[in-house]
$ cat input.cif   # mmCIF, C-alpha atoms
data_input
loop_
_atom_site.label_atom_id
_atom_site.label_comp_id
_atom_site.auth_asym_id
_atom_site.auth_seq_id
_atom_site.Cartn_x
_atom_site.Cartn_y
_atom_site.Cartn_z
CA MET Z 149 -115.29 -95.68 64.67
CA ASN Z 150 -113.38 -93.44 62.27
CA GLY Z 151 -110.46 -93.19 64.68
CA ALA Z 152 -109.51 -96.78 63.88
CA GLY Z 153 -109.49 -96.02 60.14
CA ILE Z 154 -107.33 -92.92 60.60
CA GLY Z 155 -105.01 -94.91 62.85
CA ALA Z 156 -104.71 -97.68 60.28
CA GLY Z 157 -103.93 -95.18 57.53
CA ILE Z 158 -101.36 -93.21 59.54
CA GLY Z 159 -99.73 -96.40 60.81
CA MET Z 160 -99.44 -97.87 57.33
CA GLY Z 161 -98.01 -94.60 56.01
CA LEU Z 162 -95.38 -94.43 58.75
CA ALA Z 163 -94.49 -98.07 58.20
CA SER Z 164 -94.09 -97.44 54.47
CA LEU Z 165 -91.90 -94.40 55.24
CA GLY Z 166 -89.62 -96.44 57.47
CA THR Z 167 -89.49 -99.36 55.07
CA GLY Z 168 -88.73 -97.06 52.16
CA LEU Z 169 -85.86 -95.48 54.06
CA GLY Z 170 -84.60 -98.88 55.14
CA ILE Z 171 -84.64 -100.42 51.68
CA GLY Z 172 -83.14 -97.22 50.25
CA LEU Z 173 -80.22 -97.39 52.68
CA LEU Z 174 -79.82 -101.08 51.92
CA ALA Z 175 -79.78 -100.44 48.16
CA MET Z 176 -77.27 -97.63 48.63
CA ALA Z 177 -74.93 -99.84 50.61
CA ALA Z 178 -75.36 -102.75 48.19
CA VAL Z 179 -74.65 -100.60 45.12
CA GLN Z 180 -71.60 -99.07 46.82
CA GLY Z 181 -70.39 -102.50 47.80
CA ILE Z 182 -70.75 -103.79 44.26
CA ALA Z 183 -69.05 -100.68 42.83
CA ARG Z 184 -66.09 -101.12 45.17
CA GLN Z 185 -65.88 -104.87 44.79
CA PRO Z 186 -67.62 -106.10 41.62
CA GLU Z 187 -66.55 -109.72 42.18
CA ALA Z 188 -68.68 -109.91 45.35
CA GLU Z 189 -71.86 -109.11 43.40
CA GLY Z 190 -73.52 -112.50 43.78
CA LYS Z 191 -72.99 -112.66 47.51
CA ILE Z 192 -74.13 -109.05 48.02
CA ARG Z 193 -77.24 -109.68 45.92
CA SER Z 194 -78.37 -112.70 47.92
CA MET Z 195 -77.69 -110.93 51.23
CA ALA Z 196 -79.57 -107.85 49.99
CA ILE Z 197 -82.63 -109.91 48.99
CA LEU Z 198 -82.61 -111.58 52.40
CA ALA Z 199 -82.35 -108.20 54.13
CA ILE Z 200 -85.18 -106.75 52.01
CA ALA Z 201 -87.42 -109.58 53.16
CA PHE Z 202 -86.63 -108.75 56.79
CA ILE Z 203 -87.22 -105.02 56.29
CA GLU Z 204 -90.49 -105.37 54.45
CA ALA Z 205 -91.71 -107.87 57.04
CA ILE Z 206 -91.81 -104.97 59.52
CA ALA Z 207 -94.13 -103.04 57.21
CA LEU Z 208 -96.21 -106.18 56.79
CA TYR Z 209 -96.66 -106.47 60.57
CA THR Z 210 -98.13 -102.97 60.43
CA PHE Z 211 -100.22 -104.09 57.48
CA VAL Z 212 -101.66 -106.91 59.58
CA ILE Z 213 -102.51 -104.41 62.33
CA ALA Z 214 -104.09 -102.08 59.75
CA ILE Z 215 -106.21 -104.93 58.40
CA LEU Z 216 -107.30 -105.81 61.92
CA LEU Z 217 -108.31 -102.18 62.48
CA TYR Z 218 -110.13 -102.13 59.12
CA LEU Z 219 -112.06 -105.27 60.02
CA LYS Z 220 -112.91 -103.65 63.35
CA ILE Z 221 -114.47 -100.71 61.47
CA SER Z 222 -116.45 -102.80 59.02
CA ALA Z 223 -117.66 -105.17 61.73
CA MET B 1246 -114.96 -100.85 47.38
CA GLN B 1247 -117.76 -103.22 46.37
CA ASP B 1248 -115.76 -104.21 43.28
CA MET B 1249 -112.84 -105.43 45.36
CA GLN B 1250 -113.24 -109.08 46.06
CA ILE B 1251 -110.23 -109.89 48.20
CA TYR B 1252 -111.56 -112.70 50.27
CA HIS B 1253 -113.12 -115.67 48.54
CA PRO B 1254 -114.72 -118.12 50.94
CA PRO B 1255 -112.95 -121.46 50.56
CA LEU B 1256 -114.56 -123.86 48.11
CA GLU B 1257 -116.44 -126.59 49.96
CA ILE B 1258 -115.50 -129.87 48.32
CA PHE B 1259 -116.19 -132.47 50.97
CA PRO B 1260 -117.48 -130.64 54.05
CA ALA B 1261 -117.94 -133.75 56.20
CA LEU B 1262 -114.17 -134.25 56.37
CA GLY B 1263 -113.40 -130.52 56.28
CA ILE B 1264 -111.86 -130.77 52.81
CA THR B 1265 -111.93 -127.36 51.18
CA GLY B 1266 -110.20 -125.79 48.16
CA PRO B 1267 -106.98 -124.86 50.05
CA VAL B 1268 -106.71 -128.43 51.40
CA VAL B 1269 -106.86 -129.79 47.85
CA MET B 1270 -104.22 -127.22 46.81
CA MET B 1271 -102.01 -128.36 49.68
CA LEU B 1272 -102.43 -132.00 48.69
CA LEU B 1273 -101.60 -131.02 45.10
CA SER B 1274 -98.43 -129.18 46.14
CA ALA B 1275 -97.47 -132.08 48.40
CA LEU B 1276 -97.88 -134.40 45.41
CA LEU B 1277 -95.81 -132.06 43.20
CA THR B 1278 -93.12 -131.87 45.89
CA PHE B 1279 -93.09 -135.66 46.15
CA LEU B 1280 -92.81 -136.04 42.36
CA CYS B 1281 -89.98 -133.48 42.13
CA LEU B 1282 -87.94 -134.91 45.00
CA SER B 1283 -88.50 -138.56 44.08
CA HIS B 1284 -87.44 -137.73 40.51
CA LEU B 1285 -84.25 -136.17 41.90
CA ALA B 1286 -83.64 -139.13 44.19
CA ARG B 1287 -84.24 -141.84 41.59
CA ARG B 1288 -82.41 -140.27 38.65
CA SER B 1289 -79.56 -142.56 37.69
CA ASP B 1290 -78.04 -140.22 35.09
CA PRO B 1291 -75.80 -137.71 36.94
CA VAL B 1292 -76.31 -135.15 34.16
CA PRO B 1293 -79.91 -133.80 34.04
CA GLN B 1294 -81.54 -134.16 30.62
CA GLY B 1295 -84.08 -131.64 29.35
CA PHE B 1296 -85.34 -128.26 30.52
CA MET B 1297 -87.46 -129.32 33.52
CA ALA B 1298 -84.82 -131.71 34.85
CA ASN B 1299 -82.21 -128.98 34.62
CA LEU B 1300 -84.50 -126.44 36.34
CA LEU B 1301 -85.23 -128.90 39.14
CA ASP B 1302 -81.57 -129.75 39.51
CA ALA B 1303 -80.61 -126.06 39.69
CA MET B 1304 -83.26 -125.36 42.33
CA TYR B 1305 -82.26 -128.37 44.41
CA GLY B 1306 -78.62 -127.35 44.10
CA PHE B 1307 -79.56 -123.84 45.24
CA VAL B 1308 -81.35 -125.22 48.30
CA ARG B 1309 -78.41 -127.48 49.16
CA GLU B 1310 -75.46 -125.20 48.49
CA THR B 1311 -76.78 -121.69 49.17
CA ILE B 1312 -79.45 -122.26 51.81
CA VAL B 1313 -78.38 -125.32 53.80
CA VAL B 1314 -74.59 -125.23 53.56
CA GLY B 1315 -74.35 -121.46 53.03
CA PHE B 1316 -76.44 -120.47 56.05
CA GLY B 1317 -76.24 -123.54 58.29
CA GLY B 1318 -72.69 -124.69 57.69
CA GLU B 1319 -71.22 -127.94 56.40
CA SER B 1320 -72.59 -129.94 59.37
CA MET B 1321 -76.16 -129.16 58.26
CA ARG B 1322 -75.80 -131.08 54.97
CA PRO B 1323 -77.97 -134.03 56.22
CA TRP B 1324 -80.86 -131.57 56.60
CA THR B 1325 -81.01 -130.94 52.84
CA GLY B 1326 -83.97 -133.32 52.48
CA PHE B 1327 -86.03 -131.46 55.06
CA ALA B 1328 -85.05 -128.06 53.66
CA SER B 1329 -85.84 -129.00 50.06
CA ALA B 1330 -89.21 -130.52 51.05
CA LEU B 1331 -90.07 -127.31 52.95
CA PHE B 1332 -88.86 -125.11 50.07
CA PHE B 1333 -90.71 -126.95 47.30
CA PHE B 1334 -93.90 -127.34 49.33
CA ILE B 1335 -94.10 -123.63 50.19
CA LEU B 1336 -93.10 -122.66 46.65
CA PHE B 1337 -95.86 -124.78 45.07
CA CYS B 1338 -98.40 -123.55 47.62
CA ASN B 1339 -97.47 -119.95 46.78
CA LEU B 1340 -97.45 -120.44 43.02
CA LEU B 1341 -100.77 -122.35 42.85
CA GLY B 1342 -102.48 -119.27 44.26
CA LEU B 1343 -101.38 -117.20 41.26
CA VAL B 1344 -103.45 -119.27 38.82
CA PRO B 1345 -106.24 -116.77 38.15
CA LEU B 1346 -109.35 -118.89 38.84
CA ALA B 1347 -110.11 -117.54 42.27
CA PRO B 1348 -112.33 -120.01 44.14
CA ILE B 1349 -110.82 -123.10 42.48
CA PHE B 1350 -107.15 -122.18 42.80
CA SER B 1351 -106.34 -120.63 46.16
CA THR B 1352 -103.18 -119.90 48.10
CA PRO B 1353 -102.94 -122.20 51.12
CA THR B 1354 -100.06 -120.13 52.49
CA ALA B 1355 -102.32 -117.05 52.60
CA LEU B 1356 -104.34 -118.77 55.32
CA PRO B 1357 -103.05 -118.24 58.87
CA ALA B 1358 -103.78 -121.86 59.85
CA VAL B 1359 -101.44 -123.29 57.20
CA VAL B 1360 -98.46 -121.06 57.94
CA ILE B 1361 -98.95 -121.42 61.70
CA ALA B 1362 -98.84 -125.20 61.24
CA LEU B 1363 -95.62 -124.92 59.19
CA ALA B 1364 -94.02 -122.58 61.75
CA ALA B 1365 -95.17 -124.79 64.62
CA MET B 1366 -93.44 -127.71 62.94
CA VAL B 1367 -90.18 -125.72 62.87
CA PHE B 1368 -90.73 -124.59 66.48
CA ILE B 1369 -91.34 -128.11 67.80
CA LEU B 1370 -88.37 -129.38 65.79
CA THR B 1371 -86.03 -126.77 67.30
CA LEU B 1372 -87.40 -127.53 70.78
CA TRP B 1373 -86.86 -131.27 70.33
CA LEU B 1374 -83.38 -130.84 68.85
CA ASN B 1375 -82.38 -128.49 71.67
CA ILE B 1376 -83.46 -130.99 74.33
CA LYS B 1377 -81.96 -133.92 72.41
CA HIS B 1378 -78.55 -132.29 71.96
CA HIS B 1379 -78.21 -130.34 75.21
CA GLY B 1380 -80.62 -131.99 77.65
CA PRO B 1381 -83.39 -130.05 79.42
CA ILE B 1382 -80.95 -128.24 81.74
CA GLY B 1383 -78.53 -127.37 78.94
CA PHE B 1384 -81.46 -126.12 76.87
CA LEU B 1385 -82.52 -123.75 79.66
CA ARG B 1386 -78.90 -122.66 80.16
CA LYS B 1387 -78.80 -121.54 76.51
CA PHE B 1388 -81.24 -118.76 77.40
CA ILE B 1389 -78.64 -117.13 79.67
CA PRO B 1390 -75.71 -115.84 77.57
CA ALA B 1391 -72.28 -116.57 79.04
CA GLY B 1392 -70.47 -113.75 80.84
CA ILE B 1393 -73.37 -111.57 81.97
CA PRO B 1394 -73.71 -110.45 85.61
CA ILE B 1395 -75.87 -112.68 87.79
CA ALA B 1396 -78.31 -109.85 88.52
CA ALA B 1397 -79.18 -109.47 84.85
CA ALA B 1398 -79.66 -113.21 84.32
CA PRO B 1399 -83.44 -113.38 85.04
CA LEU B 1400 -84.12 -110.47 82.70
CA MET B 1401 -81.97 -111.97 79.94
CA PHE B 1402 -83.69 -115.32 80.46
CA ILE B 1403 -87.11 -113.76 79.86
CA ILE B 1404 -85.90 -111.79 76.83
CA GLU B 1405 -84.27 -114.84 75.26
CA LEU B 1406 -87.34 -116.98 76.00
CA VAL B 1407 -89.63 -114.43 74.32
CA GLY B 1408 -87.23 -114.31 71.37
CA PHE B 1409 -87.28 -118.09 71.09
CA VAL B 1410 -91.08 -118.12 70.80
CA VAL B 1411 -91.42 -114.98 68.66
CA LYS B 1412 -88.96 -116.16 65.99
CA PRO B 1413 -91.22 -118.93 64.62
CA ALA B 1414 -94.28 -116.67 65.05
CA SER B 1415 -92.65 -114.00 62.87
CA LEU B 1416 -91.89 -116.77 60.36
CA ALA B 1417 -95.62 -117.47 60.08
CA ILE B 1418 -96.74 -113.82 60.00
CA ARG B 1419 -94.15 -112.91 57.35
CA LEU B 1420 -95.25 -115.60 54.89
CA CYS B 1421 -98.98 -115.10 55.47
CA ALA B 1422 -98.86 -111.29 55.29
CA ASN B 1423 -96.69 -111.34 52.16
CA MET B 1424 -99.10 -113.62 50.32
CA ASN B 1425 -102.18 -111.64 51.40
CA ALA B 1426 -100.61 -108.26 50.66
CA GLY B 1427 -99.74 -109.25 47.08
CA HIS B 1428 -103.26 -110.51 46.45
CA MET B 1429 -104.72 -107.29 47.84
CA VAL B 1430 -102.55 -105.11 45.61
CA ILE B 1431 -103.68 -107.10 42.57
CA ALA B 1432 -107.31 -106.82 43.73
CA VAL B 1433 -106.95 -103.04 44.05
CA PHE B 1434 -105.59 -102.74 40.49
CA VAL B 1435 -108.32 -104.99 39.07
CA ALA B 1436 -110.94 -102.89 40.89
CA ALA B 1437 -109.32 -99.75 39.44
CA SER B 1438 -109.56 -101.13 35.89
CA LYS B 1439 -113.22 -102.01 36.52
CA GLY B 1440 -113.77 -98.48 37.79
CA PHE B 1441 -112.20 -97.01 34.65
CA TRP B 1442 -114.27 -99.19 32.31
CA PHE B 1443 -117.63 -98.66 34.04
CA ALA B 1444 -117.05 -94.99 34.90
CA PRO B 1445 -120.39 -93.09 34.71
CA THR B 1446 -119.43 -90.56 32.02
CA SER B 1447 -121.81 -88.71 29.70
CA HIS B 1448 -119.54 -86.90 27.22
CA TRP B 1449 -118.00 -88.97 24.39
CA LEU B 1450 -114.49 -87.62 25.09
CA THR B 1451 -114.44 -88.53 28.78
CA THR B 1452 -115.97 -91.92 27.93
CA THR B 1453 -113.21 -92.62 25.42
CA LEU B 1454 -110.51 -91.46 27.83
CA SER B 1455 -111.97 -93.59 30.60
CA LYS B 1456 -112.17 -96.69 28.40
CA ALA B 1457 -108.62 -96.10 27.12
CA GLY B 1458 -107.42 -95.58 30.67
CA THR B 1459 -108.44 -99.14 31.56
CA ILE B 1460 -105.17 -100.32 30.06
CA LEU B 1461 -103.11 -98.64 32.82
CA PRO B 1462 -104.36 -100.67 35.82
CA LEU B 1463 -104.32 -103.80 33.64
CA LEU B 1464 -100.64 -103.19 32.84
CA ALA B 1465 -99.99 -102.63 36.54
CA THR B 1466 -101.79 -105.90 37.29
CA THR B 1467 -99.55 -107.73 34.83
CA LEU B 1468 -96.41 -106.20 36.33
CA MET B 1469 -97.61 -106.94 39.85
CA THR B 1470 -98.34 -110.57 38.97
CA GLY B 1471 -94.79 -110.90 37.66
CA PHE B 1472 -93.53 -109.38 40.89
CA GLU B 1473 -95.74 -111.82 42.82
CA ILE B 1474 -94.03 -114.76 41.12
CA PHE B 1475 -90.71 -113.32 42.30
CA ILE B 1476 -92.14 -112.86 45.82
CA CYS B 1477 -93.31 -116.49 45.83
CA PHE B 1478 -89.74 -117.67 45.25
CA ILE B 1479 -88.25 -115.18 47.74
CA GLN B 1480 -90.68 -116.08 50.52
CA ALA B 1481 -90.17 -119.82 50.07
CA MET B 1482 -86.42 -119.13 50.20
CA ILE B 1483 -86.68 -116.92 53.33
CA PHE B 1484 -88.80 -119.46 55.18
CA THR B 1485 -86.34 -122.24 54.41
CA ILE B 1486 -83.28 -120.11 55.26
CA LEU B 1487 -84.73 -119.09 58.63
CA ALA B 1488 -85.85 -122.63 59.45
CA ILE B 1489 -82.31 -123.86 58.71
CA ILE B 1490 -80.78 -121.08 60.80
CA TYR B 1491 -83.04 -121.91 63.76
CA ILE B 1492 -82.29 -125.63 63.44
CA SER B 1493 -78.53 -125.07 63.23
CA ASP B 1494 -78.78 -122.77 66.28
CA ALA B 1495 -80.60 -125.54 68.13
CA ILE B 1496 -77.91 -128.10 67.30
CA ALA B 1497 -74.91 -125.81 67.85
CA GLU B 1498 -73.11 -125.61 71.18
CA HIS B 1499 -73.98 -122.45 73.05
CA HIS B 1500 -71.31 -119.81 73.44
#
$ encode --input "input.cif" --output "structure tokens"
Amino acid sequence: MNGAGIGAGIGMGLASLGTGLGIGLLAMAAVQGIARQPEAEGKIRSMAILAIAFIEAIALYTFVIAILLYLKISA
Amino acid sequence: MQDMQIYHPPLEIFPALGITGPVVMMLLSALLTFLCLSHLARRSDPVPQGFMANLLDAMYGFVRETIVVGFGGESMRPWTGFASALFFFILFCNLLGLVPLAPIFSTPTALPAVVIALAAMVFILTLWLNIKHHGPIGFLRKFIPAGIPIAAAPLMFIIELVGFVVKPASLAIRLCANMNAGHMVIAVFVAASKGFWFAPTSHWLTTTLSKAGTILPLLATTLMTGFEIFICFIQAMIFTILAIIYISDAIAEHH
């Protein structure tokens, strides 16, 4: 019963950790890219937004699993 | 937890035909999409006049130049109509859910059925285009990359086949989970402000602090709603970009 809740919480936390690291690395690279080549800012921005959507989608898959586990507890 | 109302049961409008609140929202966004695109198509003046016309023109230009030509290549230009219909429909579906009258205005794209239907449309389209442009045998040959050893071919075939099916599925999960997650975050902040306001305090000082503290979750709700509007645009953009990439992959010669 409670195992599913703990699993959902730990899984969501790990997913947030990974996503935070991923978006942090992406932001670092994007800022460095813009600092080195300011004229490429528009292109870098659109690519960065696209990449953020891909990275956060991985956390959202975990979120879906966590919700499924939560519904399993409350059911 | 009792204060958090995340899931509103869909409003029953005409149950005999299965018409619920989200269906009406979808019809409304389809109507808005039709009005926007027919306005763009019928406009005789090449220079847009007024704020809304300029906004629409800029968004259509973004879909055509950045999404279709930028990600699919120059040969994908005839697909601009499909891409802009997809973009505007998903955008209106996403934005209608942010109108804060919960059972009346709902987000159709937060329902799995709606996004699975949209992704299935893209999936069937890529399947049909693959078979149309390469034939059934050529379509199956695309699953085996050129230049790999013959022993690894069955394994690669299975991996590529799974990838072909999972790509549209991830398209659906991404949109649906993004919409639901944003609504849940807003629901948590609203529940927190309720908790602050109705906190069972006895001393006048703690009561005052608790009532004054209500402003913090409300501010967070406002910020989050602004972020949600941004997410609505981004997710409509991502869905369209990926659909265009899959379609251009289906048309392109394999290498």
$ atom_distance --input "input.cif" --atom1 "CA of Ala1495 in chain B" --atom2 "CA of Asn1375 in chain B"
4.9 Å
$ resolve_selection --input "input.cif" --expression "the PyMOL selection byres ((chain Z) within 9 of (chain B))" --output "PyMOL selection string"
chain Z and resi 197-198+201-202+204-206+208-209+211-212
$ resolve_selection --input "input.cif" --expression "the PyMOL selection byres ((chain Z and resi 160-176) around 12)" --output "mmCIF file with C-alpha atoms, in the coordinates of the input"
data_model
loop_
_atom_site.group_PDB
_atom_site.id
_atom_site.type_symbol
_atom_site.label_atom_id
_atom_site.label_comp_id
_atom_site.auth_asym_id
_atom_site.auth_seq_id
_atom_site.Cartn_x
_atom_site.Cartn_y
_atom_site.Cartn_z
ATOM 1 C CA GLY Z 153 -109.490 -96.020 60.140
ATOM 2 C CA ILE Z 154 -107.330 -92.920 60.600
ATOM 3 C CA GLY Z 155 -105.010 -94.910 62.850
ATOM 4 C CA ALA Z 156 -104.710 -97.680 60.280
ATOM 5 C CA GLY Z 157 -103.930 -95.180 57.530
ATOM 6 C CA ILE Z 158 -101.360 -93.210 59.540
ATOM 7 C CA GLY Z 159 -99.730 -96.400 60.810
ATOM 8 C CA ALA Z 177 -74.930 -99.840 50.610
ATOM 9 C CA ALA Z 178 -75.360 -102.750 48.190
ATOM 10 C CA VAL Z 179 -74.650 -100.600 45.120
ATOM 11 C CA GLN Z 180 -71.600 -99.070 46.820
ATOM 12 C CA GLY Z 181 -70.390 -102.500 47.800
ATOM 13 C CA ILE Z 182 -70.750 -103.790 44.260
ATOM 14 C CA ALA Z 183 -69.050 -100.680 42.830
ATOM 15 C CA ILE Z 192 -74.130 -109.050 48.020
ATOM 16 C CA ARG Z 193 -77.240 -109.680 45.920
ATOM 17 C CA MET Z 195 -77.690 -110.930 51.230
ATOM 18 C CA ALA Z 196 -79.570 -107.850 49.990
ATOM 19 C CA ILE Z 197 -82.630 -109.910 48.990
ATOM 20 C CA LEU Z 198 -82.610 -111.580 52.400
ATOM 21 C CA ALA Z 199 -82.350 -108.200 54.130
ATOM 22 C CA ILE Z 200 -85.180 -106.750 52.010
ATOM 23 C CA ALA Z 201 -87.420 -109.580 53.160
ATOM 24 C CA PHE Z 202 -86.630 -108.750 56.790
ATOM 25 C CA ILE Z 203 -87.220 -105.020 56.290
ATOM 26 C CA GLU Z 204 -90.490 -105.370 54.450
ATOM 27 C CA ALA Z 205 -91.710 -107.870 57.040
ATOM 28 C CA ILE Z 206 -91.810 -104.970 59.520
ATOM 29 C CA ALA Z 207 -94.130 -103.040 57.210
ATOM 30 C CA LEU Z 208 -96.210 -106.180 56.790
ATOM 31 C CA TYR Z 209 -96.660 -106.470 60.570
ATOM 32 C CA THR Z 210 -98.130 -102.970 60.430
ATOM 33 C CA PHE Z 211 -100.220 -104.090 57.480
ATOM 34 C CA VAL Z 212 -101.660 -106.910 59.580
ATOM 35 C CA ILE Z 213 -102.510 -104.410 62.330
ATOM 36 C CA ALA Z 214 -104.090 -102.080 59.750
ATOM 37 C CA ILE Z 215 -106.210 -104.930 58.400
ATOM 38 C CA LEU Z 217 -108.310 -102.180 62.480
ATOM 39 C CA TYR Z 218 -110.130 -102.130 59.120
#
$ atom_distance --input "input.cif" --atom1 "CA of Thr1278 in chain B" --atom2 "CA of Ala1261 in chain B"
26.9 Å
$ atom_distance --input "input.cif" --atom1 "CA of Ala1417 in chain B" --atom2 "CA of Ala1330 in chain B"
17.1 Å
$ closest_residue --input "input.cif" --among "B:Thr1466, B:Leu1461, B:Val1410, B:Thr1352" --to "Thr1265 in chain B" --atoms "all atoms listed in the file"
B:Thr1352
